Amino acid sequence: GDARVRGQTGVLSERRGSYPFIDFRLLNNTTLSGEIGTKKKVKRLLSFQRYFHASRLLRGIVPQASLYLLDEDYLGQARHMLSKVGMWDFDIFLFDRLTNGNSLVTLLCHLFNVHGLIHHFQLDMVTLHRFLVMVQEDYHSQNPYHNAVHAADVTQAMHCYLREPKLANFLTPSDIMLGLLAAAAHDVDHPGVNQPFLIKTKHHLASLYQNVSVLENHHWRSTIGMLRESRLLAHLPKEVTQDIEQQLGSLILATDINRQNEFLIRLKSHLDNQDLRLEDAQDRHFMLQIALKCADICNPCRLWDLSKQWSERVCEEFYRQGDLEQKFELEISPLCNQQKDTIPSIQIGFMTYIVEPLFERWAQFTGDTPLSENMLNHLRRNKAKWRSLLHKQHSSSRSNDHSGQVTGSQEQTLNEEENP
């Protein structure tokens with residue numbers, strides 16, 4: 001039954017590989033049992049995934065790093081990009097191609113070295129690499145958005161935020177390692193569907209975490225499982241590893257979008273009262289939570305070409321969930337109906353109600369640094385582009401008597417007009 005493992009530190013962890021992604025191909029396979037259209041059958045299929053994907057370790061399969069089958073030119077370009085990893089225009093998609101799909105492992109090894117964490121914590125490089133490969137492999141490349149490239153993108157953004165003077169002047173090596181680890185693993189083993197989907201299909205993860213921060217709890221506990229399995233921190237004192245595991249949980253759980261107002265209200269109170277004391281470990285940890293939340297949703301603050309790719313990816317993941325819900329006669333979740341929820345309208349709402357309030361407060365905290373001003377400028381320009389696209393979609397819809405959708409050729413024309 002319960003696939004959790006209790007370690008010496010007392011924190012429950014998930015056995016790696018026990019809770020796999022939801023296999024859309026299996027759910028959509030109707031050749032064996034006829035048309036599937038009931039919630040009961042959906043639940044049975046979802047439950048089957050738990051047993052279909054047994055732990056890789058139990059099957060005797062040891063995770064290994066992908067071979068770097070690249071010529072020297074590609075490796076040279078990747079090294080050159082790493083020399084500019086602190087720049088906000090860092091192209092994670094290009095970096096992932098240059099590293100043969102190993103962007104997360106390559107990036108983290110570099111950042112751990114740059115920040116002196118390997119020396120400070122006396123980490124074994126082989127063990128560190130093994131752990132990072134575990135993390136990278138437990139993301140699902142089938143997900144258009146919640147995959148290892150997203151984790152690498154969030155980690156690169158977190159690195160930029162950790163260098164902001166207002167924060168960097170107070171950070172300890174422990175703070176930096178926690179921030180980078182949480183960024184890298186914050187969405188590990190994401191199933192490609194959201195929490196409401198897991199709840200209404202009575203998925204075992206929803207039951208395990210009692211419908212509260214279901215995905216975030218799973219990401220955290222999976223990370224703890226991999227840390228213990230790799231023995232990356234086994235040489236550290238018990239109380240140190242226990243503190244690291246608990247703080248990782250606090251950081252990853254902060255990315256639950258349902259807690260957005262909770263963190264915004266608290267941040268606003270601190271900024272208005274000017275009572276943040278970053279010498280205090282609790283206040284530093286809170287700002288690390290805010291930094292991770294910013295990194296997690298920073299896509300609208302990137303250059304248009306990068307931001308647009310992420311927008312299309314996340315909406316594709318939404319639409320896949322909506323198609324799945326429609327097929328099995330479930331209520332289609334908000335933002336997941338491709339016939340009604342267009343990419344521009346989704347992005348405009350996301351920017352207005354989620355991204356802008358958080359990044360305006362972040363800029364207030366950092367003191368309007370070049371990075372914060374750059375991000376807010378990108379955010380405003382990108383929002384204006386999405387508004388323009390939405391207006392053109394509506395105009396096209398009225399003239400062609402469509403239901404808010406444009407054809408493929410029209411969309412291509414709009415994109416070509418909007419691309420700088």
# chains A, B, ... in the order shown; residues from 1 in each chain; ligands from 1

call {"tool": "select_by_dssp", "arguments": {"residues": "segment 113-320 of chain A", "states": "alpha helix (DSSP H)", "output": "JSON, numbers by chain"}}
result
{"A": [113, 114, 117, 118, 119, 120, 125, 126, 127, 128, 129, 130, 131, 132, 133, 134, 135, 136, 137, 148, 149, 150, 151, 152, 153, 154, 155, 156, 157, 158, 159, 160, 161, 162, 165, 166, 167, 168, 173, 174, 175, 176, 177, 178, 179, 180, 181, 182, 183, 184, 185, 195, 196, 197, 198, 199, 200, 204, 205, 206, 207, 208, 214, 215, 216, 217, 218, 219, 220, 221, 222, 223, 224, 225, 226, 227, 228, 229, 230, 238, 239, 240, 241, 242, 243, 244, 245, 246, 247, 248, 249, 250, 251, 252, 253, 260, 261, 262, 263, 264, 265, 266, 267, 268, 269, 270, 271, 272, 273, 281, 282, 283, 284, 285, 286, 287, 288, 289, 290, 291, 292, 293, 294, 295, 296, 304, 305, 306, 307, 308, 309, 310, 311, 312, 313, 314, 315, 316, 317, 318, 319, 320]}

call {"tool": "residues_around", "arguments": {"residues": "segment 286-303 of chain A", "least_positions_apart": "5", "cutoff": "6 Å", "atoms": "only C-alpha atoms", "output": "count of residues only"}}
result
8

call {"tool": "closest_residue", "arguments": {"among": "A:Ser174, A:Arg231, A:Ala384, A:Ala254", "to": "Ser213 of chain A", "atoms": "only C-alpha atoms"}}
result
A:Ala254

call {"tool": "residues_around", "arguments": {"residues": "Ala281 of chain A", "least_positions_apart": "3", "cutoff": "12 Å", "atoms": "only C-alpha atoms", "output": "mmCIF file with all heavy atoms, in the first residue's frame"}}
result
data_model
loop_
_atom_site.group_PDB
_atom_site.id
_atom_site.type_symbol
_atom_site.label_atom_id
_atom_site.label_comp_id
_atom_site.auth_asym_id
_atom_site.auth_seq_id
_atom_site.Cartn_x
_atom_site.Cartn_y
_atom_site.Cartn_z
ATOM 1 N N PHE A 170 23.385 38.692 2.343
ATOM 2 C CA PHE A 170 23.048 38.019 3.596
ATOM 3 C C PHE A 170 23.014 36.494 3.480
ATOM 4 O O PHE A 170 22.912 35.806 4.500
ATOM 5 C CB PHE A 170 21.686 38.504 4.102
ATOM 6 C CG PHE A 170 21.642 39.975 4.421
ATOM 7 C CD1 PHE A 170 21.213 40.888 3.458
ATOM 8 C CD2 PHE A 170 22.037 40.446 5.665
ATOM 9 C CE1 PHE A 170 21.176 42.238 3.751
ATOM 10 C CE2 PHE A 170 21.994 41.796 5.957
ATOM 11 C CZ PHE A 170 21.568 42.704 5.002
ATOM 12 N N LEU A 171 23.067 35.972 2.267
ATOM 13 C CA LEU A 171 22.867 34.540 2.078
ATOM 14 C C LEU A 171 24.047 33.715 2.574
ATOM 15 O O LEU A 171 25.210 34.071 2.370
ATOM 16 C CB LEU A 171 22.622 34.225 0.604
ATOM 17 C CG LEU A 171 21.316 34.756 0.001
ATOM 18 C CD1 LEU A 171 21.269 34.444 -1.493
ATOM 19 C CD2 LEU A 171 20.116 34.161 0.707
ATOM 20 N N THR A 172 23.732 32.588 3.210
ATOM 21 C CA THR A 172 24.735 31.624 3.627
ATOM 22 C C THR A 172 24.851 30.534 2.563
ATOM 23 O O THR A 172 23.956 30.396 1.714
ATOM 24 C CB THR A 172 24.346 30.987 4.962
ATOM 25 O OG1 THR A 172 23.160 30.186 4.770
ATOM 26 C CG2 THR A 172 24.066 32.047 6.024
ATOM 27 N N SER A 174 24.284 27.504 2.935
ATOM 28 C CA SER A 174 23.107 26.654 3.115
ATOM 29 C C SER A 174 21.897 27.242 2.397
ATOM 30 O O SER A 174 21.134 26.518 1.744
ATOM 31 C CB SER A 174 22.802 26.466 4.601
ATOM 32 O OG SER A 174 21.672 25.642 4.782
ATOM 33 N N ASP A 175 21.719 28.564 2.508
ATOM 34 C CA ASP A 175 20.608 29.227 1.815
ATOM 35 C C ASP A 175 20.711 29.019 0.302
ATOM 36 O O ASP A 175 19.716 28.722 -0.366
ATOM 37 C CB ASP A 175 20.615 30.729 2.110
ATOM 38 C CG ASP A 175 20.336 31.053 3.563
ATOM 39 O OD1 ASP A 175 19.590 30.288 4.202
ATOM 40 O OD2 ASP A 175 20.880 32.061 4.050
ATOM 41 N N GLN A 247 13.431 22.344 5.297
ATOM 42 C CA GLN A 247 13.422 23.629 4.596
ATOM 43 C C GLN A 247 13.148 23.448 3.104
ATOM 44 O O GLN A 247 12.515 24.315 2.480
ATOM 45 C CB GLN A 247 14.750 24.353 4.809
ATOM 46 C CG GLN A 247 14.940 24.854 6.240
ATOM 47 C CD GLN A 247 15.999 25.938 6.329
ATOM 48 O OE1 GLN A 247 15.843 27.021 5.763
ATOM 49 N NE2 GLN A 247 17.078 25.641 7.028
ATOM 50 N N LEU A 276 11.723 43.711 7.475
ATOM 51 C CA LEU A 276 12.492 42.537 7.067
ATOM 52 C C LEU A 276 13.903 42.649 7.622
ATOM 53 O O LEU A 276 14.599 43.649 7.401
ATOM 54 C CB LEU A 276 12.548 42.425 5.541
ATOM 55 C CG LEU A 276 11.403 41.700 4.845
ATOM 56 C CD1 LEU A 276 11.533 41.834 3.336
ATOM 57 C CD2 LEU A 276 11.355 40.227 5.239
ATOM 58 N N ARG A 277 14.333 41.628 8.339
ATOM 59 C CA ARG A 277 15.680 41.578 8.887
ATOM 60 C C ARG A 277 16.365 40.350 8.314
ATOM 61 O O ARG A 277 16.203 39.248 8.835
ATOM 62 C CB ARG A 277 15.638 41.521 10.417
ATOM 63 C CG ARG A 277 14.971 42.709 11.087
ATOM 64 C CD ARG A 277 15.810 43.982 10.935
ATOM 65 N NE ARG A 277 15.126 45.135 11.542
ATOM 66 C CZ ARG A 277 14.381 45.994 10.864
ATOM 67 N NH1 ARG A 277 14.192 45.817 9.552
ATOM 68 N NH2 ARG A 277 13.801 47.018 11.475
ATOM 69 N N LEU A 278 17.120 40.558 7.243
ATOM 70 C CA LEU A 278 17.697 39.419 6.544
ATOM 71 C C LEU A 278 18.853 38.779 7.312
ATOM 72 O O LEU A 278 19.365 37.738 6.904
ATOM 73 C CB LEU A 278 18.152 39.835 5.145
ATOM 74 C CG LEU A 278 17.007 40.275 4.222
ATOM 75 C CD1 LEU A 278 17.532 40.666 2.849
ATOM 76 C CD2 LEU A 278 15.955 39.185 4.093
ATOM 77 N N ARG A 284 15.205 35.447 5.927
ATOM 78 C CA ARG A 284 15.919 35.021 4.719
ATOM 79 C C ARG A 284 15.178 33.870 4.049
ATOM 80 O O ARG A 284 15.047 33.837 2.823
ATOM 81 C CB ARG A 284 17.353 34.576 5.053
ATOM 82 C CG ARG A 284 18.321 35.683 5.328
ATOM 83 C CD ARG A 284 19.757 35.237 5.125
ATOM 84 N NE ARG A 284 20.081 33.987 5.791
ATOM 85 C CZ ARG A 284 20.416 33.860 7.073
ATOM 86 N NH1 ARG A 284 20.464 34.947 7.847
ATOM 87 N NH2 ARG A 284 20.723 32.686 7.587
ATOM 88 N N HIS A 285 14.701 32.939 4.847
ATOM 89 C CA HIS A 285 13.980 31.803 4.282
ATOM 90 C C HIS A 285 12.699 32.269 3.594
ATOM 91 O O HIS A 285 12.353 31.771 2.506
ATOM 92 C CB HIS A 285 13.642 30.783 5.375
ATOM 93 C CG HIS A 285 12.976 29.545 4.863
ATOM 94 N ND1 HIS A 285 13.660 28.538 4.219
ATOM 95 C CD2 HIS A 285 11.671 29.157 4.872
ATOM 96 C CE1 HIS A 285 12.823 27.578 3.872
ATOM 97 N NE2 HIS A 285 11.607 27.937 4.248
ATOM 98 N N PHE A 286 12.009 33.222 4.192
ATOM 99 C CA PHE A 286 10.795 33.748 3.570
ATOM 100 C C PHE A 286 11.114 34.373 2.212
ATOM 101 O O PHE A 286 10.386 34.160 1.232
ATOM 102 C CB PHE A 286 10.121 34.779 4.479
ATOM 103 C CG PHE A 286 8.965 35.481 3.826
ATOM 104 C CD1 PHE A 286 7.791 34.791 3.539
ATOM 105 C CD2 PHE A 286 9.043 36.829 3.495
ATOM 106 C CE1 PHE A 286 6.716 35.432 2.928
ATOM 107 C CE2 PHE A 286 7.976 37.478 2.891
ATOM 108 C CZ PHE A 286 6.814 36.779 2.602
ATOM 109 N N MET A 287 12.201 35.125 2.133
ATOM 110 C CA MET A 287 12.547 35.746 0.858
ATOM 111 C C MET A 287 13.034 34.713 -0.153
ATOM 112 O O MET A 287 12.881 34.904 -1.360
ATOM 113 C CB MET A 287 13.595 36.846 1.055
ATOM 114 C CG MET A 287 13.051 38.083 1.754
ATOM 115 S SD MET A 287 11.441 38.662 1.106
ATOM 116 C CE MET A 287 11.820 38.953 -0.633
ATOM 117 N N LEU A 288 13.598 33.603 0.314
ATOM 118 C CA LEU A 288 13.915 32.506 -0.597
ATOM 119 C C LEU A 288 12.631 31.898 -1.160
ATOM 120 O O LEU A 288 12.580 31.521 -2.336
ATOM 121 C CB LEU A 288 14.736 31.429 0.117
ATOM 122 C CG LEU A 288 16.213 31.704 0.334
ATOM 123 C CD1 LEU A 288 16.845 30.549 1.121
ATOM 124 C CD2 LEU A 288 16.958 31.898 -0.987
#

call {"tool": "residues_around", "arguments": {"residues": "Leu104 of chain A", "least_positions_apart": "2", "cutoff": "7 Å", "atoms": "only C-alpha atoms", "output": "ChimeraX atom specification"}}
result
/A:102,106-108,136,148-149,151-152

call {"tool": "residues_around", "arguments": {"residues": "Gln195 of chain A", "least_positions_apart": "3", "cutoff": "12 Å", "atoms": "only C-alpha atoms", "output": "ChimeraX atom specification"}}
result
/A:190-192,198-207,209-218,256-258,321,333

call {"tool": "write_last_selection", "arguments": {"atoms": "C-alpha atoms", "output": "tab-separated table (two decimals), in the first residue's frame"}}
result
chain	number	residue	atom	x	y	z
A	190	HIS	CA	4.85	16.15	-12.30
A	191	PRO	CA	2.03	14.13	-13.95
A	192	GLY	CA	1.09	16.82	-16.47
A	198	LEU	CA	-6.19	14.45	-9.33
A	199	ILE	CA	-8.88	15.19	-6.77
A	200	LYS	CA	-11.90	14.64	-9.01
A	201	THR	CA	-10.46	11.38	-10.37
A	202	LYS	CA	-9.71	10.26	-6.79
A	203	HIS	CA	-6.07	9.72	-7.65
A	204	HIS	CA	-3.99	8.00	-4.97
A	205	LEU	CA	-1.82	11.12	-4.52
A	206	ALA	CA	-4.88	13.20	-3.68
A	207	SER	CA	-5.91	10.64	-1.08
A	209	TYR	CA	-2.14	14.19	0.89
A	210	GLN	CA	-5.81	14.74	1.73
A	211	ASN	CA	-6.36	17.10	-1.22
A	212	VAL	CA	-3.94	19.71	0.20
A	213	SER	CA	-0.95	20.87	-1.92
A	214	VAL	CA	-1.06	17.43	-3.51
A	215	LEU	CA	1.53	17.97	-6.24
A	216	GLU	CA	3.85	20.12	-4.13
A	217	ASN	CA	3.89	17.56	-1.33
A	218	HIS	CA	4.69	14.85	-3.85
A	256	ASP	CA	1.44	26.10	-4.59
A	257	ILE	CA	-0.44	28.75	-6.57
A	258	ASN	CA	-3.37	28.40	-4.15
A	321	GLN	CA	-5.95	17.87	-19.72
A	333	SER	CA	-11.19	22.51	-15.73

call {"tool": "atom_distance", "arguments": {"atom1": "atom CA of Leu123 of chain A", "atom2": "atom CA of Ser141 of chain A"}}
result
28.4 Å

call {"tool": "residues_around", "arguments": {"residues": "segment 87-100 of chain A", "least_positions_apart": "3", "cutoff": "12 Å", "atoms": "only C-alpha atoms", "output": "PyMOL selection string"}}
result
chain A and resi 65-84+103-107+147-161+163+295+298-299+301-307+309-310+370-375+378

call {"tool": "residues_around", "arguments": {"residues": "Arg387 of chain A", "least_positions_apart": "2", "cutoff": "8 Å", "atoms": "only C-alpha atoms", "output": "list in words"}}
result
Pro344, Ser345, Ile348, Lys383, Ala384, Lys385, Leu389, Leu390 and His391 of chain A

call {"tool": "atom_distance", "arguments": {"atom1": "atom CA of Asn337 of chain A", "atom2": "atom CA of Ser311 of chain A"}}
result
15.3 Å

call {"tool": "atom_distance", "arguments": {"atom1": "atom CA of Pro144 of chain A", "atom2": "atom CA of Gln393 of chain A"}}
result
23.9 Å

call {"tool": "closest_residue", "arguments": {"among": "A:Lys327, A:Asp272, A:Pro237, A:Asp138", "to": "Gly225 of chain A", "atoms": "only C-alpha atoms"}}
result
A:Asp138

call {"tool": "closest_residue", "arguments": {"among": "A:Thr369, A:Ser222, A:Ser13, A:Ser395", "to": "Tyr139 of chain A", "atoms": "only C-alpha atoms"}}
result
A:Ser222

call {"tool": "closest_residue", "arguments": {"among": "A:Gln338, A:Tyr353, A:Gln122, A:Gln364", "to": "Asp323 of chain A", "atoms": "only C-alpha atoms"}}
result
A:Gln338
